[in-house]
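*Asks:* Enclosed is the structure file protein-v4.cif (mmCIF, C-alpha atoms).
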```cif
data_input
loop_
_atom_site.label_atom_id
_atom_site.label_comp_id
_atom_site.auth_asym_id
_atom_site.auth_seq_id
_atom_site.Cartn_x
_atom_site.Cartn_y
_atom_site.Cartn_z
CA MET A 1 42.64 -24.56 -28.89
CA VAL A 2 42.87 -20.89 -29.88
CA SER A 3 40.08 -21.42 -32.40
CA VAL A 4 37.88 -23.02 -29.72
CA ALA A 5 38.52 -20.11 -27.31
CA ILE A 6 37.62 -17.57 -29.98
CA ASN A 7 34.43 -19.46 -30.84
CA ALA A 8 33.47 -19.63 -27.15
CA ARG A 9 33.88 -15.87 -26.80
CA GLY A 10 31.82 -15.41 -29.93
CA VAL A 11 29.03 -17.59 -28.55
CA ARG A 12 28.99 -15.65 -25.27
CA ALA A 13 28.82 -12.36 -27.17
CA HIS A 14 25.97 -13.69 -29.30
CA VAL A 15 24.05 -14.85 -26.21
CA LYS A 16 24.54 -11.44 -24.60
CA HIS A 17 23.27 -9.74 -27.76
CA CYS A 18 20.18 -11.99 -27.83
CA LYS A 19 19.41 -11.21 -24.19
CA ARG A 20 19.57 -7.49 -24.90
CA ALA A 21 17.32 -7.89 -27.94
CA ARG A 22 14.77 -9.87 -25.92
CA LEU A 23 14.83 -7.21 -23.18
CA LEU A 24 14.19 -4.46 -25.73
CA MET A 25 11.35 -6.44 -27.29
CA PHE A 26 9.81 -7.08 -23.87
CA THR A 27 10.07 -3.38 -22.99
CA PHE A 28 8.39 -2.43 -26.27
CA PHE A 29 5.63 -4.98 -25.59
CA ILE A 30 5.02 -3.51 -22.11
CA VAL A 31 4.78 0.03 -23.50
CA VAL A 32 2.29 -1.05 -26.17
CA CYS A 33 0.20 -2.88 -23.58
CA ILE A 34 0.18 0.15 -21.29
CA VAL A 35 -0.99 2.46 -24.04
CA SER A 36 -3.75 0.09 -25.13
CA SER A 37 -4.74 -0.56 -21.53
CA SER A 38 -4.97 3.15 -20.77
CA LYS A 39 -7.45 3.55 -23.62
CA THR A 40 -9.78 0.84 -22.35
CA VAL A 41 -9.67 1.17 -18.58
CA GLU A 42 -12.26 3.96 -18.50
CA ARG A 43 -14.83 1.74 -20.22
CA ASP A 44 -14.36 -0.92 -17.55
CA VAL A 45 -15.71 1.45 -14.90
CA VAL A 46 -19.12 1.74 -16.51
CA GLY A 47 -21.78 -0.40 -14.89
CA LEU A 48 -20.06 -1.02 -11.56
CA PRO A 49 -22.45 -1.58 -8.65
CA TYR A 50 -20.42 1.03 -6.78
CA GLN A 51 -18.37 3.59 -8.67
CA PRO A 52 -15.71 5.63 -6.84
CA HIS A 53 -16.34 9.36 -7.11
CA ALA A 54 -14.07 10.82 -9.77
CA GLY A 55 -13.58 14.27 -8.25
CA ARG A 56 -10.79 16.53 -9.45
CA GLU A 57 -7.10 16.18 -8.83
CA ASP A 58 -6.89 19.79 -7.64
CA ALA A 59 -10.08 19.74 -5.57
CA ASP A 60 -9.66 21.61 -2.25
CA GLU A 61 -5.98 21.99 -2.96
CA GLU A 62 -5.42 23.92 0.25
CA GLU A 63 -6.37 20.90 2.35
CA THR A 64 -3.40 19.12 3.91
CA PHE A 65 -2.88 15.66 5.38
CA THR A 66 -0.75 13.87 7.97
CA VAL A 67 1.79 11.20 7.03
CA VAL A 68 2.02 8.42 9.62
CA ILE A 69 5.20 6.36 9.15
CA ASN A 70 5.33 2.92 10.72
CA THR A 71 8.88 1.77 11.47
CA PHE A 72 10.76 -0.71 13.62
CA LYS A 73 14.55 -1.05 13.81
CA ARG A 74 15.16 -0.01 10.23
CA ARG A 75 16.87 3.31 10.85
CA ARG A 76 18.19 3.98 7.36
CA LEU A 77 14.80 3.30 5.78
CA LEU A 78 13.15 5.58 8.35
CA GLN A 79 15.58 8.42 7.59
CA GLN A 80 14.91 8.08 3.87
CA ALA A 81 11.15 8.01 4.42
CA VAL A 82 11.15 11.17 6.57
CA ALA A 83 13.31 13.04 4.04
CA HIS A 84 11.09 11.95 1.14
CA TYR A 85 7.67 12.74 2.60
CA ALA A 86 8.88 16.04 4.08
CA SER A 87 9.55 17.15 0.49
CA CYS A 88 5.98 16.47 -0.70
CA GLN A 89 3.24 19.06 -1.09
CA HIS A 90 0.29 19.36 1.31
CA VAL A 91 1.99 17.41 4.13
CA ALA A 92 0.96 19.17 7.34
CA GLU A 93 2.76 16.83 9.73
CA ILE A 94 4.81 13.64 9.79
CA ARG A 95 4.13 11.34 12.74
CA VAL A 96 6.61 8.51 13.27
CA VAL A 97 5.23 5.49 15.15
CA TRP A 98 8.14 4.59 17.44
CA SER A 99 7.70 1.12 18.96
CA GLU A 100 11.35 0.41 19.70
CA GLN A 101 11.80 0.15 23.44
CA VAL A 102 14.47 2.85 23.51
CA THR A 103 14.25 6.62 23.58
CA PRO A 104 13.23 8.02 20.18
CA PRO A 105 15.41 10.55 18.36
CA SER A 106 15.13 14.14 19.53
CA ARG A 107 15.89 17.42 17.81
CA GLY A 108 18.85 17.98 20.13
CA ASP A 109 20.70 14.86 18.98
CA TYR A 110 23.91 15.24 16.97
CA ASP A 111 22.30 13.25 14.12
CA ALA A 112 18.88 14.90 14.38
CA HIS A 113 19.09 16.08 10.79
CA LEU A 114 18.90 12.42 9.70
CA TYR A 115 15.74 11.66 11.68
CA TYR A 116 13.94 14.98 11.21
CA GLY A 117 14.75 15.68 7.58
CA PRO A 118 14.75 19.03 5.79
CA HIS A 119 11.71 20.31 7.73
CA PRO A 120 12.12 19.25 11.38
CA GLU A 121 9.14 21.35 12.43
CA LEU A 122 6.88 18.87 10.61
CA VAL A 123 8.16 15.75 12.36
CA LYS A 124 6.98 14.27 15.65
CA TYR A 125 7.90 10.90 17.17
CA ASP A 126 5.13 8.99 18.99
CA SER A 127 6.71 6.61 21.48
CA HIS A 128 4.78 3.47 22.51
CA PRO A 129 5.33 1.19 25.52
CA THR A 130 4.82 -1.98 23.44
CA THR A 131 6.06 -3.38 20.14
CA SER A 132 2.55 -4.11 18.84
CA ILE A 133 2.18 -3.71 15.08
CA GLN A 134 -1.18 -2.09 15.86
CA ASN A 135 0.59 0.95 17.32
CA ARG A 136 0.49 2.34 13.79
CA PHE A 137 -3.20 3.12 14.32
CA ASP A 138 -2.77 4.59 17.83
CA VAL A 139 -1.83 8.13 16.86
CA ARG A 140 -3.42 10.86 18.99
CA GLY A 141 -3.88 14.59 18.52
CA LEU A 142 -4.04 14.64 14.74
CA ARG A 143 -4.55 18.09 13.22
CA THR A 144 -5.85 17.00 9.81
CA SER A 145 -8.96 15.14 8.72
CA SER A 146 -7.00 12.75 6.50
CA VAL A 147 -4.06 10.47 7.24
CA PHE A 148 -1.65 8.74 4.89
CA ASN A 149 -0.50 5.49 6.52
CA VAL A 150 2.80 4.22 5.14
CA ASP A 151 5.56 1.73 5.95
CA ASP A 152 9.14 2.96 6.26
CA ASP A 153 10.23 1.08 3.12
CA VAL A 154 7.55 2.57 0.83
CA ARG A 155 8.24 5.77 -1.13
CA ILE A 156 5.13 6.83 -3.00
CA PRO A 157 6.14 9.58 -5.48
CA CYS A 158 4.99 13.03 -4.35
CA SER A 159 2.84 13.51 -7.47
CA SER A 160 1.11 10.18 -6.82
CA LEU A 161 0.60 11.18 -3.20
CA VAL A 162 -1.21 14.34 -4.30
CA ARG A 163 -3.38 12.24 -6.63
CA GLY A 164 -4.09 9.75 -3.86
CA HIS A 165 -5.18 12.56 -1.58
CA ALA A 166 -7.48 13.87 -4.31
CA ALA A 167 -8.99 10.39 -4.63
CA TRP A 168 -9.55 10.26 -0.88
CA LYS A 169 -11.21 13.71 -0.85
CA ALA A 170 -13.69 12.33 -3.38
CA ASN A 171 -14.18 9.09 -1.37
CA ARG A 172 -13.69 10.08 2.27
CA ASP A 173 -15.39 7.15 3.99
CA VAL A 174 -13.26 4.33 2.51
CA LEU A 175 -9.63 3.28 2.40
CA VAL A 176 -7.87 4.77 -0.62
CA GLY A 177 -4.47 3.41 -1.54
CA PHE A 178 -1.87 1.97 -3.85
CA SER A 179 -1.69 -1.76 -3.00
CA PRO A 180 -4.85 -3.78 -3.80
CA ARG A 181 -5.52 -7.34 -2.66
CA MET A 182 -8.47 -9.73 -2.99
CA HIS A 183 -10.18 -12.39 -0.86
CA ARG A 184 -11.97 -15.52 -2.05
CA TRP A 185 -13.64 -18.30 -0.08
CA ASN A 186 -11.90 -21.66 -0.38
CA PRO A 187 -14.30 -24.46 0.62
CA ALA A 188 -11.56 -27.08 0.54
CA LYS A 189 -9.58 -25.26 3.22
CA LEU A 190 -12.61 -23.86 5.05
CA GLN A 191 -10.97 -20.47 5.00
CA HIS A 192 -10.49 -17.54 2.66
CA ASP A 193 -7.70 -17.26 0.13
CA TYR A 194 -5.67 -14.07 0.16
CA ILE A 195 -4.88 -13.04 -3.41
CA CYS A 196 -2.23 -10.71 -4.78
CA HIS A 197 -2.74 -10.07 -8.50
CA GLY A 198 0.79 -8.75 -9.00
CA PHE A 199 2.17 -6.60 -11.80
CA PHE A 200 -0.09 -7.80 -14.63
CA GLY A 201 -3.23 -7.48 -12.51
CA ASP A 202 -2.48 -4.11 -10.91
CA PHE A 203 -1.61 -2.52 -14.26
CA GLY A 204 -4.66 -3.79 -16.12
CA PHE A 205 -3.10 -6.47 -18.32
CA ARG A 206 -5.53 -9.07 -16.95
CA ARG A 207 -9.25 -8.31 -17.22
CA GLY A 208 -12.08 -9.35 -14.97
CA LEU A 209 -10.09 -9.09 -11.72
CA GLU A 210 -11.46 -7.76 -8.45
CA PHE A 211 -10.08 -6.40 -5.20
CA SER A 212 -11.52 -5.93 -1.72
CA ILE A 213 -8.54 -4.84 0.38
CA ILE A 214 -6.21 -1.86 0.28
CA LEU A 215 -3.07 -2.38 2.33
CA THR A 216 -2.29 0.28 4.94
CA LYS A 217 1.37 0.15 4.00
CA ALA A 218 0.36 2.96 1.60
CA ALA A 219 -3.22 4.17 2.14
CA PHE A 220 -5.27 7.25 2.96
CA CYS A 221 -8.10 7.17 5.47
CA LYS A 222 -9.98 9.65 7.58
CA ALA A 223 -8.47 10.29 10.99
CA GLU A 224 -11.57 9.00 12.78
CA TYR A 225 -10.82 5.47 11.63
CA LEU A 226 -7.61 5.43 13.67
CA GLN A 227 -9.50 6.34 16.83
CA MET A 228 -12.22 3.86 15.92
CA TYR A 229 -9.66 1.07 15.55
CA VAL A 230 -8.24 1.77 19.00
CA GLU A 231 -11.61 2.09 20.72
CA ALA A 232 -14.01 -0.17 18.79
CA VAL A 233 -12.08 -3.18 17.49
CA PRO A 234 -12.76 -6.10 19.90
CA GLU A 235 -9.92 -7.04 22.26
CA GLN A 236 -10.13 -10.60 20.97
CA ALA A 237 -9.26 -9.38 17.47
CA LYS A 238 -6.43 -7.16 18.75
CA SER A 239 -4.93 -10.03 20.76
CA TYR A 240 -5.18 -12.26 17.69
CA VAL A 241 -3.26 -9.72 15.57
CA ASP A 242 -0.59 -9.25 18.26
CA ALA A 243 -0.11 -13.00 18.60
CA LEU A 244 0.41 -13.36 14.84
CA LYS A 245 2.35 -10.11 14.49
CA ASN A 246 0.44 -9.79 11.23
CA CYS A 247 -2.90 -8.76 9.66
CA GLU A 248 -3.49 -5.39 11.33
CA ASP A 249 -4.11 -4.00 7.83
CA ILE A 250 -6.76 -6.65 7.17
CA ALA A 251 -8.43 -5.77 10.48
CA MET A 252 -8.50 -2.10 9.47
CA GLN A 253 -10.02 -2.92 6.08
CA ILE A 254 -12.69 -5.09 7.73
CA LEU A 255 -13.47 -2.20 10.11
CA VAL A 256 -13.75 0.39 7.32
CA SER A 257 -15.81 -1.91 5.06
CA SER A 258 -18.17 -2.67 7.97
CA VAL A 259 -18.72 1.03 8.69
CA SER A 260 -18.88 2.38 5.13
CA GLN A 261 -20.56 -0.59 3.43
CA LYS A 262 -18.43 0.27 0.39
CA PRO A 263 -15.34 -1.23 -1.25
CA PRO A 264 -11.98 0.53 -1.08
CA VAL A 265 -10.55 2.71 -3.86
CA TYR A 266 -7.39 1.82 -5.79
CA VAL A 267 -5.00 4.52 -6.99
CA GLN A 268 -2.44 3.35 -9.51
CA SER A 269 1.19 4.35 -9.04
CA PRO A 270 3.37 5.01 -12.11
CA MET A 271 4.90 1.92 -13.65
CA TRP A 272 8.43 3.28 -13.26
CA TYR A 273 7.83 3.55 -9.51
CA TYR A 274 6.47 0.00 -9.31
CA LEU A 275 9.55 -1.43 -11.02
CA LEU A 276 11.94 0.76 -9.02
CA ALA A 277 10.27 -0.24 -5.75
CA LYS A 278 10.64 -3.93 -6.60
CA TRP A 279 14.31 -3.39 -7.32
CA ARG A 280 14.96 -1.34 -4.18
CA GLY A 281 12.96 -3.71 -2.00
CA PHE A 282 15.10 -6.71 -2.86
CA GLY A 283 16.57 -8.18 0.31
CA VAL A 284 14.55 -6.02 2.72
CA THR A 285 13.35 -8.23 5.56
CA GLY A 286 9.68 -7.95 6.50
CA ILE A 287 6.64 -9.93 7.52
CA SER A 288 5.48 -10.41 3.92
CA THR A 289 8.69 -12.28 3.06
CA ASN A 290 7.94 -15.09 5.50
CA SER A 291 7.02 -18.52 4.14
CA GLY A 292 3.31 -19.31 4.30
CA HIS A 293 2.46 -15.61 4.27
CA LEU A 294 -0.53 -15.88 1.91
CA ASP A 295 -2.05 -18.80 3.80
CA VAL A 296 -1.72 -17.00 7.14
CA ARG A 297 -3.39 -13.90 5.80
CA GLY A 298 -6.21 -15.93 4.27
CA ARG A 299 -6.87 -17.42 7.70
CA CYS A 300 -6.77 -13.88 9.13
CA ILE A 301 -9.59 -12.80 6.84
CA THR A 302 -11.76 -15.69 8.01
CA ASP A 303 -10.98 -15.36 11.72
CA LEU A 304 -11.08 -11.57 11.97
CA SER A 305 -14.33 -11.43 10.00
CA GLN A 306 -15.86 -13.70 12.63
CA MET A 307 -14.40 -11.77 15.57
CA MET A 308 -15.27 -8.32 14.26
CA SER A 309 -18.72 -9.17 12.91
CA ASP A 310 -20.04 -11.03 15.93
CA GLN A 311 -20.54 -14.16 13.81
CA THR A 312 -20.53 -17.24 16.04
CA ASN A 313 -22.51 -19.59 13.85
CA ALA A 314 -20.28 -22.09 12.04
CA SER A 315 -22.56 -21.92 9.00
CA THR A 316 -21.53 -18.28 8.44
CA ILE A 317 -17.77 -18.88 8.47
CA ASP A 318 -17.52 -17.97 4.78
CA ARG A 319 -19.01 -14.51 5.32
CA THR A 320 -16.93 -11.37 5.61
CA PRO A 321 -17.62 -7.61 5.64
CA LEU A 322 -15.06 -7.21 2.84
CA ILE A 323 -16.66 -5.98 -0.38
CA ALA A 324 -15.21 -6.91 -3.77
CA THR A 325 -15.20 -4.53 -6.71
CA PRO A 326 -13.56 -4.61 -10.18
CA LEU A 327 -9.85 -3.82 -10.12
CA VAL A 328 -10.01 -0.48 -11.92
CA PRO A 329 -7.81 2.45 -10.84
CA TRP A 330 -9.31 5.76 -9.77
CA ARG A 331 -9.04 8.47 -12.39
CA ALA A 332 -9.32 12.24 -12.11
CA GLY A 333 -11.30 13.32 -15.16
CA ASN A 334 -9.79 11.94 -18.37
CA VAL A 335 -6.12 12.31 -17.43
CA ASP A 336 -3.94 9.28 -18.12
CA PHE A 337 -1.52 8.56 -15.29
CA PHE A 338 0.27 5.47 -16.59
CA PHE A 339 3.35 7.56 -17.43
CA SER A 340 2.90 10.24 -14.80
CA ARG A 341 5.94 11.50 -12.91
#
```
Could you render the structure from this file as structure tokens?
*Replies:*
Amino acid sequence: MVSVAINARGVRAHVKHCKRARLLMFTFFIVVCIVSSSKTVERDVVGLPYQPHAGREDADEEETFTVVINTFKRRRLLQQAVAHYASCQHVAEIRVVWSEQVTPPSRGDYDAHLYYGPHPELVKYDSHPTTSIQNRFDVRGLRTSSVFNVDDDVRIPCSSLVRGHAAWKANRDVLVGFSPRMHRWNPAKLQHDYICHGFFGDFGFRRGLEFSIILTKAAFCKAEYLQMYVEAVPEQAKSYVDALKNCEDIAMQILVSSVSQKPPVYVQSPMWYYLLAKWRGFGVTGISTNSGHLDVRGRCITDLSQMMSDQTNASTIDRTPLIATPLVPWRAGNVDFFFSR
């Protein structure tokens, strides 16, 4: 019996050793792939029908932007988000979209330091009379020409935020952000498919991919698009989004693509952030964790394209203002950002 117990412990130790070895080999493989991918991604840009303007990372460095944080009953995440973005360069103001039907935090509260962060003068809470997810676009009195829309559970590194702002300054009339998605018509379902390429797609390990949507959970846009959403998006489309409690980001992308007639721009976040975000996000409840999420959002693309494009003919149901472009990250000059901090 003693011999059996010793052998069992030996087997467990061997299995543990093998798992560690496989993890190290996988990590080495990922690093090699990143390096090789970073050397080829620039060539993929050549020949695009529309090429994002490269610009410079330090272009108009004095220009600031507003961070608009969307939150709802996730107080700890909100506190962390305010503290993080208040520490980033070039942030002129932080506007918190407060849709909870209670009084928002004020600077006189005993716990104000939690809700206003290290720079309370930057933070303003915008209280709304409804719980509509579209409140995130109803932000008035902005003092900057650019806005960074972000969810309370997303922490884009400050260096990546600066790079994203540089990308937006070079491409001011489109959505510029960190989370790309794609649409594709599905004739069997008579609706569009909503496609998330995931880790291997977003980091260039799979070639020939495209994207047409940048999610507003982490995206720059010009301030005018917020006003345009409030004033120009048809009430039918707004009611549709409110009923679903979903797809406001798709509606915004359809609006911007319709106006600009250009695809969005993708800015790649560092791989360490991507992996850390996946780890931190485990267990966080949100709309995207619901079953049937992809199918619902595919239907949103089809329906909102019809509502926002004044398409009433059934023969045009497959059409959408969304514009696909190769999934290639924006680059400032020849700098490689795969390992950026």
*Asks:* Please enumerate the residues selected by the PyMOL selection byres ((chain A and resi 216) around 10) when evaluated against the supplied file, formatted as a list in words.
*Replies:* Asn70, Arg136, Phe137, Phe148, Asn149, Val150, Asp151, Leu175, Val176, Gly177, Phe178, Ser179, Pro180, Ile213, Ile214, Leu215, Lys217, Ala218, Ala219, Phe220, Cys221, Glu248, Asp249, Ile250, Met252 and Gln253 of chain A
*Asks:* Export, as a compact mmCIF listing (two decimals), in the coordinates of the input, the selected residues with C-alpha atoms.
*Replies:*
```txt
# COMPACT_ATOMS: atom_id res chain seq x y z
CA ASN A 70 5.33 2.92 10.72
CA ARG A 136 0.49 2.34 13.79
CA PHE A 137 -3.20 3.12 14.32
CA PHE A 148 -1.65 8.74 4.89
CA ASN A 149 -0.50 5.49 6.52
CA VAL A 150 2.80 4.22 5.14
CA ASP A 151 5.56 1.73 5.95
CA LEU A 175 -9.63 3.28 2.40
CA VAL A 176 -7.87 4.77 -0.62
CA GLY A 177 -4.47 3.41 -1.54
CA PHE A 178 -1.87 1.97 -3.85
CA SER A 179 -1.69 -1.76 -3.00
CA PRO A 180 -4.85 -3.78 -3.80
CA ILE A 213 -8.54 -4.84 0.38
CA ILE A 214 -6.21 -1.86 0.28
CA LEU A 215 -3.07 -2.38 2.33
CA LYS A 217 1.37 0.15 4.00
CA ALA A 218 0.36 2.96 1.60
CA ALA A 219 -3.22 4.17 2.14
CA PHE A 220 -5.27 7.25 2.96
CA CYS A 221 -8.10 7.17 5.47
CA GLU A 248 -3.49 -5.39 11.33
CA ASP A 249 -4.11 -4.00 7.83
CA ILE A 250 -6.76 -6.65 7.17
CA MET A 252 -8.50 -2.10 9.47
CA GLN A 253 -10.02 -2.92 6.08
```
*Asks:* Compile the contact shell of stretch 157-163 of chain A as an NGL selection string: residues with an atom at most 8 Å away, counting all atoms listed in the file, same-chain residues fewer than 5 positions apart removed.
*Replies:* :A and (57 or 85 or 87-90 or 267 or 269-270 or 273 or 341)
*Asks:* When the PyMOL selection byres ((chain A and resi 104) around 12) is applied to the structure above, which residues does it catch, written out as a PyMOL selection string?
*Replies:* chain A and resi 71-73+75+96-103+105-109+112+115-116+124-129
*Asks:* What do you get, as an NGL selection string, if you spell out every residue that the PyMOL selection byres ((chain A and resi 321) around 12) selects here?
*Replies:* :A and (183 or 212-213 or 250-264 or 301-311 or 316-320 or 322-324)
*Asks:* Atom CA of A:Asn135 to atom CA of A:His165: how many Å, to one decimal?
*Replies:*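 According to the coordinates, atom CA of A:Asn135 and atom CA of A:His165 are separated by 22.9 Å.
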*Asks:* Can you work out the spacing between atom CA of A:Phe205 and atom CA of A:Lys189 in Å, to one decimal?
*Replies:* 29.3 Å
*Asks:* Quick one: everything within 8 Å of A:Ala81, counting all atoms listed in the file, minus sequence neighbours fewer than 6 positions away in the same chain. Send it as a list in words.
*Replies:*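 Selected residues are Ile69, Asp152, Asp153, Val154 and Arg155 of chain A.
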*Asks:* Give me, please, the distance in Å between atom CA of A:Leu226 and atom CA of A:Pro329, quoted to one decimal.
*Replies:* 24.7 Å
*Asks:* If I wrap all listed atoms of stretch 233-251 of chain A in a box with edges along x, y and z and add 4 Å on each side, what are its centre and edge lengths in Å to one decimal, as JSON?
*Replies:*
```
{"center_x": -5.2, "center_y": -8.3, "center_z": 14.7, "size_x": 23.1, "size_y": 18.2, "size_z": 23.1}
```
